[in-house]
Amino acid sequence: MKKFFSQNLGLKISAILLSIILWFFATSRGQSEITIDVPIGFMNIPAGIEMVSQSVKIASLTIKGQERLIKRIKPSDIIVYVDLSKAKKGETVYYINRDDIKLPSAITVTNISPSSLKVTTEETILKTVKVRPFIIGDPAKDFYVKSIELYPQAVIIEGIKSEVRKLNNIKTEPLDITGMNETFNQEVKLALNGKNIKTKTKDIKIKVVIKARTK
């Protein structure tokens, strides 16, 4: 048996090396590499903390894999996320690692650019504020708005401290009463667009009392 292994040892080693080289050559054939831009997402944001800004919104990934797979890949097939579970108030640098990227099978990441980003977070607070109806238009001729009733009249809002502290009331979305000649009830939403705040109250019930003018 020993004689069998020792005979033509050099040729056998060469054959093994050649097989390894051929294997690498065969597996590398059809490989392709592209760069793709993927939005950066965030997860595990602690309670009482809200993200205010980020220095980078897109990560450019160089990915490698079989050409037939690479040709079909889309940005939506890849997820890049930053774990904010240990975030504290202020500005922090986070690094994007390969473990933070979810890829289709048989695809690998060879480069990440940028490899880090700055995230600014701020403390959030709760506050009770009054609701203000935003009425537009005028009722029908010889009619007027006698009163406006709201339910609820106040709501609890939550948001970053710097913004919430400035607010004492919040408007509803516009309610058009043009041409109305009778009392009516309607539900409207709060106008939160553009504000870094949220509330559990989704709808406000409004009763607009419209009366005829006496002659």
# chains A, B, ... in the order shown; residues from 1 in each chain; ligands from 1
$ residues_around --residues "Asp100 (chain A)" --least-positions-apart "6" --cutoff "9 Å" --atoms "only C-alpha atoms" --output "ChimeraX atom specification"
/A:79-83
$ write_last_selection --atoms "C-alpha atoms" --output "mmCIF file, in the first residue's frame"
data_model
loop_
_atom_site.group_PDB
_atom_site.id
_atom_site.type_symbol
_atom_site.label_atom_id
_atom_site.label_comp_id
_atom_site.auth_asym_id
_atom_site.auth_seq_id
_atom_site.Cartn_x
_atom_site.Cartn_y
_atom_site.Cartn_z
ATOM 1 C CA ILE A 79 -31.667 45.054 2.115
ATOM 2 C CA VAL A 80 -29.147 47.318 3.835
ATOM 3 C CA TYR A 81 -30.021 48.218 7.407
ATOM 4 C CA VAL A 82 -28.376 49.889 10.377
ATOM 5 C CA ASP A 83 -29.183 48.635 13.867
#
$ select_by_dssp --residues "region 146-196 of chain A" --states "alpha helix (DSSP H)" --output "JSON, numbers by chain"
{"A": [161, 162, 163, 164]}
$ closest_residue --among "A:Ile157, A:Leu190, A:Val38, A:Leu117" --to "Thr172 (chain A)" --atoms "only C-alpha atoms"
A:Leu190
$ closest_residue --among "A:Asn181, A:Ser55, A:Gln186, A:Thr62" --to "Lys141 (chain A)" --atoms "only C-alpha atoms"
A:Asn181
$ residues_around --residues "region 121-136 of chain A" --least-positions-apart "4" --cutoff "7 Å" --atoms "only C-alpha atoms" --output "PDB file with N, CA and C atoms, in the first residue's frame"
ATOM      1  N   GLY A  48     -38.531  56.403  22.966  1.00  0.00           N
ATOM      2  CA  GLY A  48     -38.082  57.677  23.521  1.00  0.00           C
ATOM      3  C   GLY A  48     -36.988  58.345  22.714  1.00  0.00           C
ATOM      4  N   ILE A  49     -36.630  57.720  21.577  1.00  0.00           N
ATOM      5  CA  ILE A  49     -35.600  58.267  20.688  1.00  0.00           C
ATOM      6  C   ILE A  49     -36.150  58.283  19.263  1.00  0.00           C
ATOM      7  N   GLU A  50     -35.864  59.343  18.533  1.00  0.00           N
ATOM      8  CA  GLU A  50     -36.283  59.403  17.138  1.00  0.00           C
ATOM      9  C   GLU A  50     -35.130  59.900  16.268  1.00  0.00           C
ATOM     10  N   MET A  51     -35.010  59.319  15.093  1.00  0.00           N
ATOM     11  CA  MET A  51     -33.954  59.723  14.173  1.00  0.00           C
ATOM     12  C   MET A  51     -34.331  61.047  13.520  1.00  0.00           C
ATOM     13  N   VAL A  52     -33.413  62.002  13.550  1.00  0.00           N
ATOM     14  CA  VAL A  52     -33.662  63.331  12.996  1.00  0.00           C
ATOM     15  C   VAL A  52     -33.038  63.476  11.607  1.00  0.00           C
ATOM     16  N   LYS A  88     -28.298  56.621  21.292  1.00  0.00           N
ATOM     17  CA  LYS A  88     -28.562  57.597  22.345  1.00  0.00           C
ATOM     18  C   LYS A  88     -28.694  58.968  21.695  1.00  0.00           C
ATOM     19  N   LYS A  89     -29.223  59.916  22.448  1.00  0.00           N
ATOM     20  CA  LYS A  89     -29.434  61.265  21.936  1.00  0.00           C
ATOM     21  C   LYS A  89     -28.121  61.855  21.427  1.00  0.00           C
ATOM     22  N   GLY A  90     -28.162  62.431  20.223  1.00  0.00           N
ATOM     23  CA  GLY A  90     -26.976  63.071  19.664  1.00  0.00           C
ATOM     24  C   GLY A  90     -26.548  62.450  18.348  1.00  0.00           C
ATOM     25  N   GLU A  91     -25.328  62.770  17.942  1.00  0.00           N
ATOM     26  CA  GLU A  91     -24.788  62.289  16.665  1.00  0.00           C
ATOM     27  C   GLU A  91     -23.852  61.105  16.907  1.00  0.00           C
ATOM     28  N   GLN A 153     -61.386  67.698  21.654  1.00  0.00           N
ATOM     29  CA  GLN A 153     -60.935  69.089  21.565  1.00  0.00           C
ATOM     30  C   GLN A 153     -59.420  69.211  21.730  1.00  0.00           C
ATOM     31  N   ALA A 154     -58.808  68.159  22.255  1.00  0.00           N
ATOM     32  CA  ALA A 154     -57.348  68.139  22.442  1.00  0.00           C
ATOM     33  C   ALA A 154     -56.833  66.731  22.167  1.00  0.00           C
ATOM     34  N   VAL A 155     -55.583  66.646  21.769  1.00  0.00           N
ATOM     35  CA  VAL A 155     -54.969  65.346  21.489  1.00  0.00           C
ATOM     36  C   VAL A 155     -53.567  65.304  22.094  1.00  0.00           C
ATOM     37  N   ILE A 156     -53.091  64.081  22.316  1.00  0.00           N
ATOM     38  CA  ILE A 156     -51.715  63.898  22.797  1.00  0.00           C
ATOM     39  C   ILE A 156     -50.833  63.648  21.582  1.00  0.00           C
ATOM     40  N   ILE A 157     -49.795  64.447  21.455  1.00  0.00           N
ATOM     41  CA  ILE A 157     -48.853  64.273  20.350  1.00  0.00           C
ATOM     42  C   ILE A 157     -47.505  63.801  20.898  1.00  0.00           C
ATOM     43  N   GLU A 158     -46.758  63.137  20.037  1.00  0.00           N
ATOM     44  CA  GLU A 158     -45.414  62.673  20.391  1.00  0.00           C
ATOM     45  C   GLU A 158     -44.463  63.037  19.272  1.00  0.00           C
ATOM     46  N   GLY A 159     -43.286  63.507  19.623  1.00  0.00           N
ATOM     47  CA  GLY A 159     -42.307  63.863  18.612  1.00  0.00           C
ATOM     48  C   GLY A 159     -41.022  64.344  19.248  1.00  0.00           C
ATOM     49  N   ILE A 160     -40.108  64.793  18.404  1.00  0.00           N
ATOM     50  CA  ILE A 160     -38.833  65.246  18.944  1.00  0.00           C
ATOM     51  C   ILE A 160     -39.047  66.502  19.796  1.00  0.00           C
ATOM     52  N   LYS A 161     -38.304  66.561  20.856  1.00  0.00           N
ATOM     53  CA  LYS A 161     -38.503  67.578  21.883  1.00  0.00           C
ATOM     54  C   LYS A 161     -38.462  68.996  21.322  1.00  0.00           C
ATOM     55  N   ASN A 168     -48.571  74.537  20.564  1.00  0.00           N
ATOM     56  CA  ASN A 168     -49.625  74.651  21.558  1.00  0.00           C
ATOM     57  C   ASN A 168     -50.965  74.181  21.004  1.00  0.00           C
ATOM     58  N   ASN A 169     -51.055  74.077  19.681  1.00  0.00           N
ATOM     59  CA  ASN A 169     -52.273  73.572  19.048  1.00  0.00           C
ATOM     60  C   ASN A 169     -51.893  72.938  17.719  1.00  0.00           C
ATOM     61  N   ILE A 170     -52.848  72.207  17.154  1.00  0.00           N
ATOM     62  CA  ILE A 170     -52.621  71.574  15.877  1.00  0.00           C
ATOM     63  C   ILE A 170     -53.898  71.674  15.045  1.00  0.00           C
ATOM     64  N   LYS A 171     -53.741  72.011  13.774  1.00  0.00           N
ATOM     65  CA  LYS A 171     -54.891  72.209  12.900  1.00  0.00           C
ATOM     66  C   LYS A 171     -55.402  70.886  12.331  1.00  0.00           C
ATOM     67  N   THR A 172     -56.671  70.930  11.943  1.00  0.00           N
ATOM     68  CA  THR A 172     -57.215  69.832  11.158  1.00  0.00           C
ATOM     69  C   THR A 172     -56.886  70.097   9.692  1.00  0.00           C
ATOM     70  N   GLU A 173     -57.119  69.108   8.863  1.00  0.00           N
ATOM     71  CA  GLU A 173     -57.019  69.347   7.428  1.00  0.00           C
ATOM     72  C   GLU A 173     -58.174  70.253   7.021  1.00  0.00           C
ATOM     73  N   PRO A 174     -58.059  70.972   5.885  1.00  0.00           N
ATOM     74  CA  PRO A 174     -59.100  71.942   5.503  1.00  0.00           C
ATOM     75  C   PRO A 174     -60.484  71.303   5.362  1.00  0.00           C
ATOM     76  N   LEU A 175     -61.490  72.026   5.850  1.00  0.00           N
ATOM     77  CA  LEU A 175     -62.885  71.613   5.695  1.00  0.00           C
ATOM     78  C   LEU A 175     -63.612  72.728   4.946  1.00  0.00           C
ATOM     79  N   ASP A 176     -64.066  72.431   3.742  1.00  0.00           N
ATOM     80  CA  ASP A 176     -64.690  73.430   2.880  1.00  0.00           C
ATOM     81  C   ASP A 176     -66.197  73.495   3.152  1.00  0.00           C
ATOM     82  N   ILE A 177     -66.685  74.682   3.531  1.00  0.00           N
ATOM     83  CA  ILE A 177     -68.124  74.855   3.806  1.00  0.00           C
ATOM     84  C   ILE A 177     -68.797  75.713   2.737  1.00  0.00           C
TER      85      ILE A 177
END
$ residues_around --residues "Ile34 (chain A)" --least-positions-apart "3" --cutoff "8 Å" --atoms "only C-alpha atoms" --output "ChimeraX atom specification"
/A:62-64,70
$ write_last_selection --atoms "N, CA and C atoms" --output "PDB file, in the first residue's frame"
ATOM      1  N   THR A  62     -20.836  46.855  -4.348  1.00  0.00           N
ATOM      2  CA  THR A  62     -20.285  46.059  -5.445  1.00  0.00           C
ATOM      3  C   THR A  62     -20.563  44.608  -5.108  1.00  0.00           C
ATOM      4  N   ILE A  63     -21.336  43.954  -5.974  1.00  0.00           N
ATOM      5  CA  ILE A  63     -21.736  42.576  -5.702  1.00  0.00           C
ATOM      6  C   ILE A  63     -21.220  41.657  -6.809  1.00  0.00           C
ATOM      7  N   LYS A  64     -21.023  40.406  -6.437  1.00  0.00           N
ATOM      8  CA  LYS A  64     -20.453  39.433  -7.371  1.00  0.00           C
ATOM      9  C   LYS A  64     -21.256  38.138  -7.325  1.00  0.00           C
ATOM     10  N   ILE A  70     -26.789  37.917 -11.577  1.00  0.00           N
ATOM     11  CA  ILE A  70     -26.489  39.337 -11.482  1.00  0.00           C
ATOM     12  C   ILE A  70     -27.368  40.148 -12.433  1.00  0.00           C
TER      13      ILE A  70
END
$ closest_residue --among "A:Val188, A:Thr120, A:Val209, A:Ile107" --to "Ser53 (chain A)" --atoms "only C-alpha atoms"
A:Thr120
$ closest_residue --among "A:Ser32, A:Ser85, A:Ser76, A:Ser113" --to "Ile45 (chain A)" --atoms "only C-alpha atoms"
A:Ser85
$ residues_around --residues "region 178-180 of chain A" --least-positions-apart "2" --cutoff "6 Å" --atoms "only C-alpha atoms" --output "count of residues only"
6
$ select_by_dssp --residues "region 124-194 of chain A" --states "strand (DSSP E)" --output "ChimeraX atom specification"
/A:124-132,135-136,143-151,154-160,169-171,175-176,184-189
$ atom_distance --atom1 "CA of Ser115 (chain A)" --atom2 "CA of Asn196 (chain A)"
27.9 Å
